[in-house]
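Listing of structure_3.txt, compact mmCIF, C-alpha atoms
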```
# COMPACT_ATOMS: atom_id res chain seq x y z
CA MET Q 285 27.62 -26.25 7.52
CA ALA Q 286 26.85 -24.66 10.89
CA ALA Q 287 23.25 -23.57 11.45
CA GLN Q 288 22.57 -20.00 10.39
CA PHE Q 289 20.36 -18.09 12.84
CA GLU Q 290 18.36 -15.08 11.69
CA PRO Q 291 17.52 -11.96 13.69
CA ILE Q 292 13.77 -12.49 13.09
CA ILE Q 293 11.75 -13.58 16.11
CA GLY Q 294 8.08 -14.59 16.20
CA ARG Q 295 5.41 -14.86 18.88
CA TYR Q 296 1.66 -15.05 19.40
CA MET Q 297 -0.90 -12.75 20.98
CA THR Q 298 -4.63 -13.01 21.51
CA LEU Q 299 -6.35 -9.89 20.29
CA GLU Q 300 -10.04 -9.04 20.43
CA LEU Q 301 -11.31 -8.10 16.97
CA GLY Q 302 -14.96 -7.59 16.12
CA GLY Q 303 -15.79 -8.62 19.69
CA ARG Q 304 -14.14 -12.06 19.30
CA PRO Q 305 -10.74 -13.27 20.48
CA HIS Q 306 -8.26 -13.98 17.67
CA ARG Q 307 -4.92 -15.77 18.05
CA ILE Q 308 -2.49 -13.72 16.00
CA TYR Q 309 1.06 -14.59 14.98
CA PHE Q 310 3.56 -11.84 14.31
CA GLU Q 311 7.27 -11.54 13.78
CA GLU Q 312 9.79 -8.75 13.99
CA ALA Q 313 13.42 -7.77 13.67
CA GLY Q 314 15.47 -4.65 14.33
CA GLU Q 315 15.29 -1.64 16.59
CA GLY Q 316 14.19 1.93 16.04
CA THR Q 317 11.18 3.50 14.37
CA PRO Q 318 8.35 0.95 14.21
CA LEU Q 319 7.63 -0.15 10.64
CA LEU Q 320 4.50 -2.31 10.40
CA CYS Q 321 4.22 -4.32 7.18
CA LEU Q 322 0.90 -5.64 5.80
CA HIS Q 323 0.96 -8.68 3.51
CA THR Q 324 -1.03 -9.20 0.31
CA ALA Q 325 -4.36 -11.01 -0.01
CA GLY Q 326 -4.15 -14.76 0.42
CA ALA Q 327 -0.55 -14.73 1.65
CA ASP Q 328 1.21 -14.09 4.97
CA ALA Q 329 3.89 -12.08 6.74
CA ARG Q 330 6.76 -14.18 5.36
CA GLN Q 331 6.61 -11.89 2.33
CA PHE Q 332 8.59 -9.35 4.37
CA ARG Q 333 11.35 -11.67 5.58
CA HIS Q 334 13.95 -10.08 3.30
CA LEU Q 335 13.31 -6.61 4.74
CA MET Q 336 13.73 -8.13 8.21
CA LEU Q 337 17.17 -9.43 7.24
CA ASP Q 338 18.38 -6.19 5.65
CA GLU Q 339 20.95 -4.57 7.95
CA ASP Q 340 20.38 -1.18 6.32
CA ILE Q 341 16.73 -1.35 7.37
CA ILE Q 342 16.73 -3.12 10.73
CA GLY Q 343 19.58 -0.91 11.95
CA HIS Q 344 17.05 1.95 11.96
CA TYR Q 345 13.64 0.33 12.02
CA ARG Q 346 11.81 -2.19 14.16
CA VAL Q 347 10.21 -4.11 11.30
CA ILE Q 348 7.02 -5.92 12.37
CA ALA Q 349 4.56 -8.01 10.36
CA PHE Q 350 1.56 -10.05 11.50
CA ASP Q 351 -0.33 -12.81 9.76
CA MET Q 352 -3.91 -11.63 9.40
CA PRO Q 353 -6.55 -13.86 11.02
CA TRP Q 354 -7.16 -16.90 8.75
CA HIS Q 355 -3.65 -16.47 7.24
CA GLY Q 356 -0.26 -18.02 7.90
CA LYS Q 357 0.09 -19.12 11.52
CA SER Q 358 -2.81 -16.98 12.78
CA LEU Q 359 -6.02 -18.90 13.32
CA PRO Q 360 -9.54 -18.10 12.20
CA PRO Q 361 -11.79 -17.20 15.15
CA GLU Q 362 -13.71 -19.89 16.97
CA GLY Q 363 -16.82 -20.87 14.99
CA TRP Q 364 -15.17 -20.13 11.64
CA GLN Q 365 -16.58 -23.33 10.14
CA ARG Q 366 -20.09 -21.86 10.17
CA GLU Q 367 -19.30 -18.68 8.25
CA GLU Q 368 -17.88 -17.47 4.96
CA TYR Q 369 -14.74 -15.41 5.49
CA ARG Q 370 -15.09 -11.90 4.09
CA LEU Q 371 -12.68 -9.09 4.86
CA THR Q 372 -14.22 -5.63 5.15
CA THR Q 373 -12.71 -2.16 5.22
CA ALA Q 374 -13.91 -1.63 8.79
CA ALA Q 375 -12.58 -4.97 10.10
CA TYR Q 376 -9.21 -4.53 8.37
CA THR Q 377 -8.80 -1.01 9.77
CA GLU Q 378 -9.80 -2.15 13.27
CA MET Q 379 -7.25 -4.99 13.08
CA ILE Q 380 -4.34 -2.68 12.24
CA VAL Q 381 -5.24 -0.09 14.88
CA ALA Q 382 -5.75 -2.79 17.55
CA PHE Q 383 -2.42 -4.42 16.70
CA CYS Q 384 -0.55 -1.10 16.91
CA ARG Q 385 -2.19 -0.37 20.30
CA ALA Q 386 -1.45 -3.86 21.63
CA LEU Q 387 2.27 -3.38 20.90
CA GLU Q 388 2.10 0.26 22.04
CA LEU Q 389 3.72 1.39 18.81
CA ASP Q 390 4.46 5.10 18.84
CA ARG Q 391 3.32 6.58 15.52
CA PRO Q 392 4.54 3.68 13.39
CA VAL Q 393 5.24 3.78 9.71
CA VAL Q 394 2.78 1.42 8.01
CA MET Q 395 3.66 -0.18 4.69
CA GLY Q 396 1.14 -2.45 3.01
CA CYS Q 397 1.09 -4.25 -0.30
CA SER Q 398 -1.92 -4.85 -2.58
CA ILE Q 399 -4.90 -5.12 -0.18
CA GLY Q 400 -2.38 -3.86 2.38
CA GLY Q 401 -1.73 -0.91 0.07
CA ARG Q 402 -5.44 -0.25 -0.31
CA ILE Q 403 -6.01 -0.24 3.45
CA VAL Q 404 -3.07 2.11 3.91
CA LEU Q 405 -5.07 4.60 1.85
CA ASN Q 406 -8.00 4.09 4.22
CA LEU Q 407 -5.69 4.72 7.19
CA ALA Q 408 -4.67 7.97 5.47
CA ILE Q 409 -8.35 8.89 5.13
CA GLU Q 410 -9.55 7.88 8.60
CA CYS Q 411 -6.72 8.06 11.13
CA ALA Q 412 -3.60 9.59 9.54
CA ALA Q 413 -2.49 11.29 12.77
CA MET Q 414 -1.73 7.90 14.32
CA PHE Q 415 1.09 7.31 11.85
CA ARG Q 416 4.52 8.74 11.05
CA ALA Q 417 4.27 7.88 7.37
CA LEU Q 418 2.21 5.58 5.16
CA ILE Q 419 3.59 3.53 2.28
CA GLY Q 420 1.31 1.86 -0.25
CA LEU Q 421 2.91 -0.79 -2.44
CA GLU Q 422 0.83 -1.76 -5.47
CA ALA Q 423 -1.84 0.54 -4.06
CA ALA Q 424 -4.75 2.33 -5.69
CA ASP Q 425 -8.16 3.62 -4.65
CA PHE Q 426 -9.78 1.15 -7.07
CA GLN Q 427 -8.76 -1.43 -9.66
CA ALA Q 428 -10.73 -3.07 -12.46
CA PRO Q 429 -11.22 -6.84 -11.86
CA TRP Q 430 -9.38 -9.22 -14.20
CA TYR Q 431 -10.88 -12.58 -13.24
CA ASP Q 432 -13.92 -14.06 -11.51
CA THR Q 433 -13.04 -14.80 -7.87
CA ALA Q 434 -15.60 -17.67 -7.80
CA TRP Q 435 -12.81 -19.84 -9.29
CA LEU Q 436 -10.74 -19.45 -6.12
CA ASN Q 437 -12.88 -21.72 -3.94
CA ARG Q 438 -14.77 -24.59 -5.53
CA PRO Q 439 -14.28 -28.32 -5.15
CA ASP Q 440 -13.46 -29.07 -8.78
CA VAL Q 441 -10.48 -26.69 -8.89
CA HIS Q 442 -7.55 -27.03 -6.47
CA GLY Q 443 -7.57 -23.78 -4.47
CA GLY Q 444 -3.85 -23.53 -3.77
CA GLU Q 445 -2.94 -24.36 -7.35
CA VAL Q 446 -5.33 -21.89 -8.94
CA CYS Q 447 -4.51 -19.04 -6.53
CA ALA Q 448 -0.79 -19.45 -7.27
CA ALA Q 449 -1.35 -19.86 -11.01
CA LEU Q 450 -3.46 -16.71 -11.23
CA VAL Q 451 -1.04 -14.48 -9.32
CA SER Q 452 2.01 -15.97 -11.07
CA GLY Q 453 1.33 -13.57 -13.94
CA LEU Q 454 1.66 -10.60 -11.60
CA ILE Q 455 5.34 -11.33 -11.01
CA ALA Q 456 7.80 -9.55 -13.32
CA PRO Q 457 9.64 -11.81 -15.79
CA GLN Q 458 12.96 -10.49 -14.48
CA SER Q 459 12.34 -11.71 -10.92
CA PRO Q 460 14.69 -14.52 -9.85
CA ASP Q 461 13.19 -18.01 -10.03
CA VAL Q 462 13.82 -18.75 -6.37
CA SER Q 463 11.96 -15.61 -5.25
CA ARG Q 464 9.14 -16.14 -7.76
CA HIS Q 465 8.46 -19.63 -6.45
CA GLU Q 466 8.81 -18.65 -2.80
CA THR Q 467 6.18 -15.98 -3.43
CA LEU Q 468 3.90 -18.52 -5.11
CA TRP Q 469 4.40 -21.08 -2.33
CA MET Q 470 2.51 -18.84 0.12
CA TYR Q 471 -0.44 -18.78 -2.29
CA ARG Q 472 -0.33 -22.57 -2.51
CA GLN Q 473 -0.51 -22.70 1.29
CA GLY Q 474 -3.48 -20.38 1.82
CA GLY Q 475 -6.59 -21.74 3.53
CA SER Q 476 -9.60 -22.53 1.37
CA GLY Q 477 -11.63 -19.46 0.52
CA VAL Q 478 -9.24 -17.07 2.26
CA PHE Q 479 -7.83 -15.37 -0.84
CA LYS Q 480 -11.38 -15.02 -2.14
CA GLY Q 481 -12.51 -13.58 1.20
CA ASP Q 482 -9.71 -11.01 1.14
CA LEU Q 483 -10.73 -9.96 -2.35
CA TYR Q 484 -14.20 -9.14 -1.08
CA PHE Q 485 -12.53 -6.12 0.51
CA TYR Q 486 -10.56 -5.41 -2.65
CA ARG Q 487 -13.36 -5.81 -5.17
CA VAL Q 488 -16.62 -5.10 -3.37
CA ASP Q 489 -16.24 -3.27 -0.07
CA GLY Q 490 -13.11 -1.18 -0.50
CA ASP Q 491 -13.72 1.23 -3.37
CA LEU Q 492 -12.05 4.38 -2.00
CA ARG Q 493 -12.57 6.62 -5.03
CA PRO Q 494 -15.31 8.69 -3.38
CA ARG Q 495 -13.13 9.45 -0.32
CA ILE Q 496 -9.54 9.54 -1.61
CA GLY Q 497 -9.66 13.33 -2.07
CA SER Q 498 -9.89 13.81 1.70
CA VAL Q 499 -6.34 12.53 2.35
CA ASP Q 500 -4.21 15.27 3.91
CA THR Q 501 -0.50 14.55 3.46
CA SER Q 502 0.43 17.42 5.78
CA ILE Q 503 -0.85 15.23 8.64
CA CYS Q 504 0.99 12.13 7.43
CA PRO Q 505 3.22 11.72 4.36
CA LEU Q 506 2.03 9.17 1.77
CA TYR Q 507 4.34 7.21 -0.51
CA LEU Q 508 3.01 5.05 -3.35
CA LEU Q 509 5.27 2.60 -5.20
CA THR Q 510 3.99 0.31 -7.95
CA GLY Q 511 5.77 -2.22 -10.15
CA GLU Q 512 5.56 -1.75 -13.91
CA TYR Q 513 4.56 -5.40 -14.43
CA ASP Q 514 1.57 -5.22 -12.07
CA PHE Q 515 -1.50 -5.50 -14.29
CA SER Q 516 -3.82 -5.90 -11.26
CA CYS Q 517 -2.92 -2.58 -9.65
CA THR Q 518 -1.48 -0.93 -12.75
CA PRO Q 519 0.90 2.02 -12.72
CA GLU Q 520 -1.99 4.00 -14.22
CA ASP Q 521 -4.22 3.07 -11.24
CA THR Q 522 -1.57 4.29 -8.81
CA LEU Q 523 -0.83 7.46 -10.78
CA ARG Q 524 -4.56 8.27 -10.88
CA THR Q 525 -4.77 7.75 -7.11
CA ALA Q 526 -1.70 9.92 -6.50
CA ALA Q 527 -3.15 12.66 -8.69
CA ALA Q 528 -6.13 12.87 -6.32
CA VAL Q 529 -3.86 13.34 -3.28
CA PRO Q 530 -1.84 16.56 -3.22
CA GLY Q 531 1.61 15.92 -1.79
CA ALA Q 532 1.62 12.14 -2.39
CA HIS Q 533 4.97 10.76 -3.56
CA VAL Q 534 4.67 8.22 -6.37
CA THR Q 535 7.26 5.91 -7.88
CA ILE Q 536 6.82 3.40 -10.70
CA MET Q 537 9.31 0.60 -10.11
CA GLN Q 538 11.01 -1.06 -13.06
CA GLU Q 539 11.34 -4.82 -13.42
CA LEU Q 540 8.93 -5.45 -10.53
CA GLY Q 541 5.36 -6.72 -10.34
CA HIS Q 542 2.69 -7.06 -7.65
CA PHE Q 543 4.93 -8.55 -4.90
CA PRO Q 544 8.03 -6.32 -4.90
CA MET Q 545 9.29 -7.22 -1.40
CA SER Q 546 9.23 -10.97 -2.02
CA GLU Q 547 9.50 -11.44 -5.81
CA ASN Q 548 12.76 -9.53 -6.17
CA PRO Q 549 14.12 -8.25 -2.83
CA ALA Q 550 17.33 -6.85 -4.35
CA GLN Q 551 15.47 -4.78 -6.94
CA PHE Q 552 12.89 -3.59 -4.37
CA ARG Q 553 15.48 -2.34 -1.89
CA ARG Q 554 16.77 0.06 -4.54
CA TYR Q 555 13.39 1.78 -4.36
CA ILE Q 556 12.37 1.36 -0.72
CA LEU Q 557 15.66 2.30 0.99
CA PRO Q 558 15.56 5.94 -0.16
CA VAL Q 559 11.92 6.18 0.99
CA LEU Q 560 12.73 4.75 4.42
CA ASP Q 561 15.79 7.01 4.73
CA LYS Q 562 13.69 10.04 3.83
CA ILE Q 563 11.00 9.17 6.37
CA ARG Q 564 13.65 8.72 9.05
CA THR Q 565 15.46 11.98 8.39
CA GLN Q 566 12.21 13.93 8.19
CA ALA Q 567 10.98 12.34 11.42
CA ASP Q 568 14.27 13.27 13.11
CA ALA Q 569 13.70 16.88 12.10
CA THR Q 570 10.11 16.97 13.38
CA PRO Q 571 9.25 17.28 17.08
CA SER Q 572 7.61 14.10 18.34
CA GLY Q 573 4.18 13.90 19.97
CA ARG Q 574 2.58 16.01 17.32
CA MET M 224 -0.87 -3.97 -44.92
CA GLY M 225 -2.96 -7.08 -45.62
CA HIS M 226 0.14 -8.89 -46.81
CA ASP M 227 2.11 -7.86 -43.68
CA ARG M 228 -0.67 -9.14 -41.43
CA HIS M 229 -0.86 -12.40 -43.35
CA SER M 230 2.89 -12.95 -43.05
CA GLN M 231 2.82 -12.09 -39.32
CA ASN M 232 0.06 -14.65 -38.74
CA GLU M 233 1.98 -17.28 -40.70
CA ARG M 234 5.20 -16.57 -38.83
CA LEU M 235 3.45 -16.86 -35.45
CA ALA M 236 1.61 -20.01 -36.54
CA ALA M 237 4.94 -21.53 -37.55
CA ALA M 238 6.29 -20.76 -34.08
CA PHE M 239 3.22 -22.33 -32.47
CA GLU M 240 3.48 -25.45 -34.62
CA ARG M 241 6.69 -26.31 -32.76
CA LEU M 242 4.67 -26.70 -29.56
CA PRO M 243 4.49 -30.55 -29.52
CA HIS M 244 8.27 -30.72 -29.97
CA LEU M 245 8.87 -28.09 -27.27
CA LEU M 246 6.61 -29.93 -24.83
CA GLU M 247 8.33 -33.26 -25.40
CA SER M 248 11.62 -31.66 -24.37
CA ASP M 249 10.10 -30.49 -21.05
CA PRO M 250 9.47 -33.57 -18.87
CA ASP M 251 8.72 -31.40 -15.83
CA LEU M 252 5.83 -29.71 -17.61
CA ILE M 253 4.53 -33.10 -18.78
CA ARG M 254 4.71 -34.29 -15.16
CA ARG M 255 2.69 -31.30 -13.96
CA GLY M 256 0.01 -32.04 -16.56
CA ALA M 257 -0.46 -35.66 -15.52
CA PHE M 258 -4.14 -35.12 -14.69
CA PHE M 259 -4.94 -32.81 -17.59
CA ASP M 260 -7.13 -34.20 -20.37
CA ALA M 261 -8.98 -31.77 -22.64
CA GLY M 262 -9.60 -30.72 -26.19
CA PHE M 263 -9.21 -26.98 -26.63
CA GLU M 264 -8.72 -24.40 -29.32
CA VAL M 265 -5.92 -21.84 -29.52
CA GLY M 266 -6.35 -18.91 -31.87
CA ILE M 267 -3.12 -17.43 -33.16
CA GLY M 268 -4.32 -14.26 -34.85
CA ASP M 269 -6.66 -15.47 -37.62
CA ILE M 270 -5.43 -19.07 -37.48
CA PRO M 271 -7.19 -21.61 -35.21
CA PHE M 272 -5.42 -24.66 -33.81
CA ASP M 273 -7.17 -27.67 -32.30
CA LEU M 274 -5.27 -29.40 -29.49
CA ILE M 275 -6.06 -32.54 -27.57
CA VAL M 276 -3.97 -33.02 -24.44
CA ALA M 277 -4.03 -36.41 -22.72
CA ALA M 278 -2.20 -36.92 -19.40
CA GLY M 279 -0.13 -33.81 -20.06
CA ARG M 280 1.02 -34.87 -23.55
CA ILE M 281 -0.22 -33.52 -26.85
CA ALA M 282 -2.22 -36.36 -28.39
CA SER M 283 -3.49 -34.35 -31.36
CA PHE M 284 -2.40 -31.03 -32.86
CA ALA M 285 -4.19 -29.69 -35.94
CA ARG M 286 -4.21 -26.42 -37.78
CA GLY M 287 -7.57 -25.05 -38.98
CA PRO M 288 -9.75 -23.73 -40.39
CA PHE M 289 -12.15 -26.45 -39.25
CA VAL M 290 -15.60 -27.32 -40.59
CA MET M 291 -17.06 -28.37 -37.22
CA PRO M 292 -14.72 -27.23 -34.42
CA SER M 293 -15.47 -28.86 -31.07
CA TRP M 294 -13.68 -27.89 -27.88
CA ARG M 295 -14.09 -27.51 -24.08
CA PHE M 296 -12.47 -24.08 -23.96
CA ALA M 297 -10.70 -21.69 -26.28
CA VAL M 298 -7.80 -19.26 -25.85
CA ARG M 299 -7.68 -16.75 -28.69
CA GLY M 300 -5.23 -13.90 -29.01
CA THR M 301 -4.52 -11.29 -31.63
CA ALA M 302 -1.28 -11.62 -33.61
CA GLU M 303 0.12 -8.64 -31.71
CA ALA M 304 -0.74 -10.32 -28.38
CA TRP M 305 1.19 -13.52 -29.19
CA GLU M 306 4.04 -11.60 -30.83
CA ARG M 307 4.68 -9.60 -27.67
CA PHE M 308 3.82 -12.43 -25.26
CA TRP M 309 6.48 -14.63 -26.87
CA GLN M 310 9.28 -12.05 -26.72
CA PRO M 311 12.20 -13.30 -24.58
CA VAL M 312 11.34 -10.60 -22.03
CA PRO M 313 7.76 -9.56 -22.75
CA PRO M 314 6.92 -5.92 -22.06
CA PRO M 315 4.70 -4.96 -19.08
CA GLY M 316 1.05 -5.77 -19.71
CA TRP M 317 1.92 -8.30 -22.44
CA HIS M 318 3.53 -10.92 -20.20
CA ASP M 319 0.57 -13.06 -19.02
CA LEU M 320 -2.63 -14.51 -20.52
CA PHE M 321 -4.76 -12.57 -18.03
CA ALA M 322 -2.86 -9.35 -18.65
CA LEU M 323 -3.70 -9.79 -22.33
CA SER M 324 -7.31 -10.62 -21.55
CA LYS M 325 -7.63 -7.52 -19.33
CA LYS M 326 -6.18 -5.51 -22.23
CA GLY M 327 -8.81 -6.95 -24.59
CA VAL M 328 -6.37 -8.70 -26.96
CA MET M 329 -7.04 -12.22 -25.69
CA VAL M 330 -10.28 -14.10 -25.07
CA LEU M 331 -10.75 -17.08 -22.73
CA GLU M 332 -14.11 -18.75 -23.39
CA GLY M 333 -16.12 -21.94 -23.17
CA ASP M 334 -16.13 -24.30 -20.21
CA LEU M 335 -13.23 -22.84 -18.24
CA GLN M 336 -13.14 -25.54 -15.55
CA PRO M 337 -10.40 -27.64 -17.19
CA LEU M 338 -8.42 -24.47 -17.89
CA MET M 339 -8.69 -23.17 -14.32
CA ALA M 340 -7.99 -26.60 -12.80
CA ASN M 341 -4.76 -26.79 -14.84
CA LEU M 342 -4.01 -23.11 -15.16
CA GLN M 343 -0.26 -23.07 -14.54
CA TYR M 344 0.20 -25.97 -16.95
CA VAL M 345 -1.74 -24.21 -19.72
CA LYS M 346 0.02 -20.90 -19.08
CA ASP M 347 3.42 -22.59 -19.26
CA LEU M 348 2.44 -24.66 -22.31
CA LEU M 349 1.34 -21.60 -24.27
CA ALA M 350 4.49 -19.73 -23.24
CA LEU M 351 6.83 -22.44 -24.62
CA PRO M 352 7.43 -20.64 -27.95
CA ARG M 353 8.96 -17.81 -25.88
CA ARG M 354 11.74 -20.14 -24.85
CA ALA M 355 12.36 -21.25 -28.41
CA GLY M 356 12.47 -17.69 -29.71
CA VAL M 357 10.08 -16.40 -32.35
CA GLU M 358 11.68 -15.35 -35.61
CA ARG M 359 11.06 -11.73 -36.38
```
Translate the structure described by the file into structure tokens.
Amino acid sequence: MAAQFEPIIGRYMTLELGGRPHRIYFEEAGEGTPLLCLHTAGADARQFRHLMLDEDIIGHYRVIAFDMPWHGKSLPPEGWQREEYRLTTAAYTEMIVAFCRALELDRPVVMGCSIGGRIVLNLAIECAAMFRALIGLEAADFQAPWYDTAWLNRPDVHGGEVCAALVSGLIAPQSPDVSRHETLWMYRQGGSGVFKGDLYFYRVDGDLRPRIGSVDTSICPLYLLTGEYDFSCTPEDTLRTAAAVPGAHVTIMQELGHFPMSENPAQFRRYILPVLDKIRTQADATPSGR
Amino acid sequence: MGHDRHSQNERLAAAFERLPHLLESDPDLIRRGAFFDAGFEVGIGDIPFDLIVAAGRIASFARGPFVMPSWRFAVRGTAEAWERFWQPVPPPGWHDLFALSKKGVMVLEGDLQPLMANLQYVKDLLALPRRAGVER
């Protein structure tokens, strides 16, 4: 069989975050409206590889995804060995804004999943005018915890194994085996303590309930899509969040769980294509530089 | 009502009693449990089971009640929890041990270290009756 080349290309940049240089890996495919994708806690940008291969998406969108510092092929900052990694709302927001500026993205669409979905809500609260549209996958202003994150990083439990085993239940039973295990592989590969550090943002620092009411969807449209099998960010969590945001579009996706873009790409595209088409046609009808 | 509940518990217990046989027909799961050794209790509705797993194989499987139960950890679910969990395609919210625990129909207790260190194995072990099909 001849080698099959993909349209996805990757490269590195050094970006100053929190006053320290960070070596960041990102990849992209396609041309058109920039669509920045934010991966889930403890995983990396490979979760979006199927979107980056979808002709119906990359024909209209420049799909971009970076590995957060400490994740995937991005490195932790120098001196990491002397600190405990903890993601905060402020650091996560700074990272996204700095990345968009570094690539000079003109009012990108930002789509994030899980912690990426939560931070999308914070972007809607704090800097909505920078974006063309915001899409939260498995997103809510708050979720009740369902396990003790102390189990994620201790020497008597294998970190990669336990991270993957915990999140395995968040994948819908209908998802194809190959996609289920590809999704879990990224959790098996995460650095020690990184998933736990991401969840500091999710569980401790990032409760957006007091501020969610300030989102103004006339500045930037907000789309929320949640899988019916997600018991971490439940459909009820997303519906409650949407109810607090006038004008938010909400979809509950059947036969999908917490990782729609990677656990079942074919099922997810049935839901995300109409959203991306709508954003594109609305953007075409609106004067730019607003 | 009492009779219905009793027969549901018995039916689910009968499904669970096939576990040693189901495990023996899954060499991949046995392989993944190679470092798992623990005695633990599984509650199927009102009926407790005492399991000892050694190197991924079931070394002892007993149905209670027990006079002096002794275990490292216990996984106890209501009859409804196991009934739905073992459906060929379980409904949302009933498809994972932690989904059930978040819902309040399953309890994980005791020394959870052996459970968490072998979590995928235990999840897959306890899901085996799903594959076999539970009589309704």
Inset, instruction - Please provide as a VMD selection string all residues within 12 Å of segment 357-366 of chain Q, with the sequence filter that same-chain residues fewer than 4 positions apart are discarded (counting only C-alpha atoms). - result: chain Q and resid 294 to 311 327 to 330 349 to 353 370 470 473 to 478
Legend entry - Ala297 of chain M surroundings by only C-alpha atoms, 8 Å radius, close-in-sequence under 3 positions cut, as a list in words: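 So, after excluding close chain neighbours, the residues are Phe263, Glu264, Val265, Gly266, Trp294, Val330, Leu331, Glu332 and Gly333 of chain M.
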Inset, instruction - Take atom CA of Pro530 of chain Q and atom CA of Ile348 of chain Q and report the distance between them in Å, one decimal. - result: 28.8 Å
Legend entry - Shortest interatomic distance to chain M - which of Q:Glu539, Q:Asp500, Q:Asp561, Q:Glu547, counting all atoms listed in the file: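 Residue with the minimum atom-to-atom distance to chain M: Q:Glu539.
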Legend entry - Which residue of Q:His442, Q:Lys480, Q:His334, Q:His465 approaches chain M most closely, using all atoms listed in the file: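 Of Q:His442, Q:Lys480, Q:His334, Q:His465, the one nearest chain M is Q:His442, counting all atoms listed in the file.
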Inset, instruction - Name all residues at most 8 Å from Thr301 of chain M (count all atoms listed in the file; drop same-chain ones fewer than 5 positions away) and give them as a list in words. - result: Gly266, Ile267, Gly268, Asp269, Val328 and Met329 of chain M
Inset, instruction - Between atom CA of Ser516 of chain Q and atom CA of Ser498 of chain Q, measure the distance and give it in Å to one decimal. - result: 24.4 Å
Legend entry - Best match for closeness to Tyr345 of chain Q among Q:Pro392, Q:Val381, Q:Thr373, Q:Thr525, counting all atoms listed in the file: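 Closest candidate: Q:Pro392.
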Inset, instruction - Would you give me, as an NGL selection string, the residues of chain Q that come within 12 Å of chain M, using only C-alpha atoms? - result: :Q and (427-459 or 468 or 511-520 or 537-542)
Inset, instruction - In Å, rounded to a single decimal, give me how far atom CA of Asp251 of chain M is from atom CA of Gly300 of chain M. - result: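 Distance reported for this atom pair: 26.0 Å.
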Neighbour list for Ile270 of chain M as an mmCIF file with C-alpha atoms, keeping the file's coordinate frame, cut-off 8 Å, all atoms listed in the file, skip fewer than 3 positions in-chain:
```
data_model
loop_
_atom_site.group_PDB
_atom_site.id
_atom_site.type_symbol
_atom_site.label_atom_id
_atom_site.label_comp_id
_atom_site.auth_asym_id
_atom_site.auth_seq_id
_atom_site.Cartn_x
_atom_site.Cartn_y
_atom_site.Cartn_z
ATOM 1 C CA ASN M 232 0.060 -14.650 -38.740
ATOM 2 C CA ALA M 236 1.610 -20.010 -36.540
ATOM 3 C CA GLY M 266 -6.350 -18.910 -31.870
ATOM 4 C CA ILE M 267 -3.120 -17.430 -33.160
ATOM 5 C CA ARG M 286 -4.210 -26.420 -37.780
ATOM 6 C CA GLY M 287 -7.570 -25.050 -38.980
ATOM 7 C CA PRO M 288 -9.750 -23.730 -40.390
#
```
Inset, instruction - Would you mind telling me which residue in M:Asp249, M:Asp334, M:Asp260, M:Glu303 lies nearest to Arg234 of chain M when using all atoms listed in the file? - result: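 With all atoms listed in the file as the atom set, the closest residue is M:Glu303.
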Legend entry - Proximity to His229 of chain M - best of M:Ala302, M:Val276, M:Leu242, M:Leu351, only C-alpha atoms: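 Looking only at the distances to His229 of chain M, the closest residue turns out to be M:Ala302.
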Legend entry - Residue nearest Pro291 of chain Q - candidates Q:Arg553, Q:His323, Q:Arg333, Q:Arg385, atoms counted: all atoms listed in the file: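 Counting all atoms listed in the file, the residue closest to Pro291 of chain Q is Q:Arg333.
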Edge lengths and centre in Å, axis-aligned, segment 325-343 of chain M plus 6 Å each side, as JSON:
```
{"center_x": -8.2, "center_y": -16.6, "center_z": -19.9, "size_x": 27.9, "size_y": 34.1, "size_z": 26.2}
```
Residues near Glu290 of chain Q, anyone? I mean within 12 Å using all atoms listed in the file, not counting same-chain ones fewer than 6 positions away, as an mmCIF file with C-alpha atoms, in the coordinates of the input.
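The new file selection.cif reads:
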```cif
data_model
loop_
_atom_site.group_PDB
_atom_site.id
_atom_site.type_symbol
_atom_site.label_atom_id
_atom_site.label_comp_id
_atom_site.auth_asym_id
_atom_site.auth_seq_id
_atom_site.Cartn_x
_atom_site.Cartn_y
_atom_site.Cartn_z
ATOM 1 C CA GLU Q 311 7.270 -11.540 13.780
ATOM 2 C CA GLU Q 312 9.790 -8.750 13.990
ATOM 3 C CA ALA Q 313 13.420 -7.770 13.670
ATOM 4 C CA GLY Q 314 15.470 -4.650 14.330
ATOM 5 C CA ARG Q 333 11.350 -11.670 5.580
ATOM 6 C CA HIS Q 334 13.950 -10.080 3.300
ATOM 7 C CA MET Q 336 13.730 -8.130 8.210
ATOM 8 C CA LEU Q 337 17.170 -9.430 7.240
ATOM 9 C CA ASP Q 338 18.380 -6.190 5.650
ATOM 10 C CA GLU Q 339 20.950 -4.570 7.950
#
```
Legend entry - Spatial sel., origin (3.4, -27.8, -26.7), limit 7 Å, only C-alpha atoms, listed as a list in words: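 Residues with an atom at most 7 Å from (3.4, -27.8, -26.7): Leu242, Pro243, His244, Leu245, Leu246, Ile281, Leu348, Leu349 and Leu351 of chain M.
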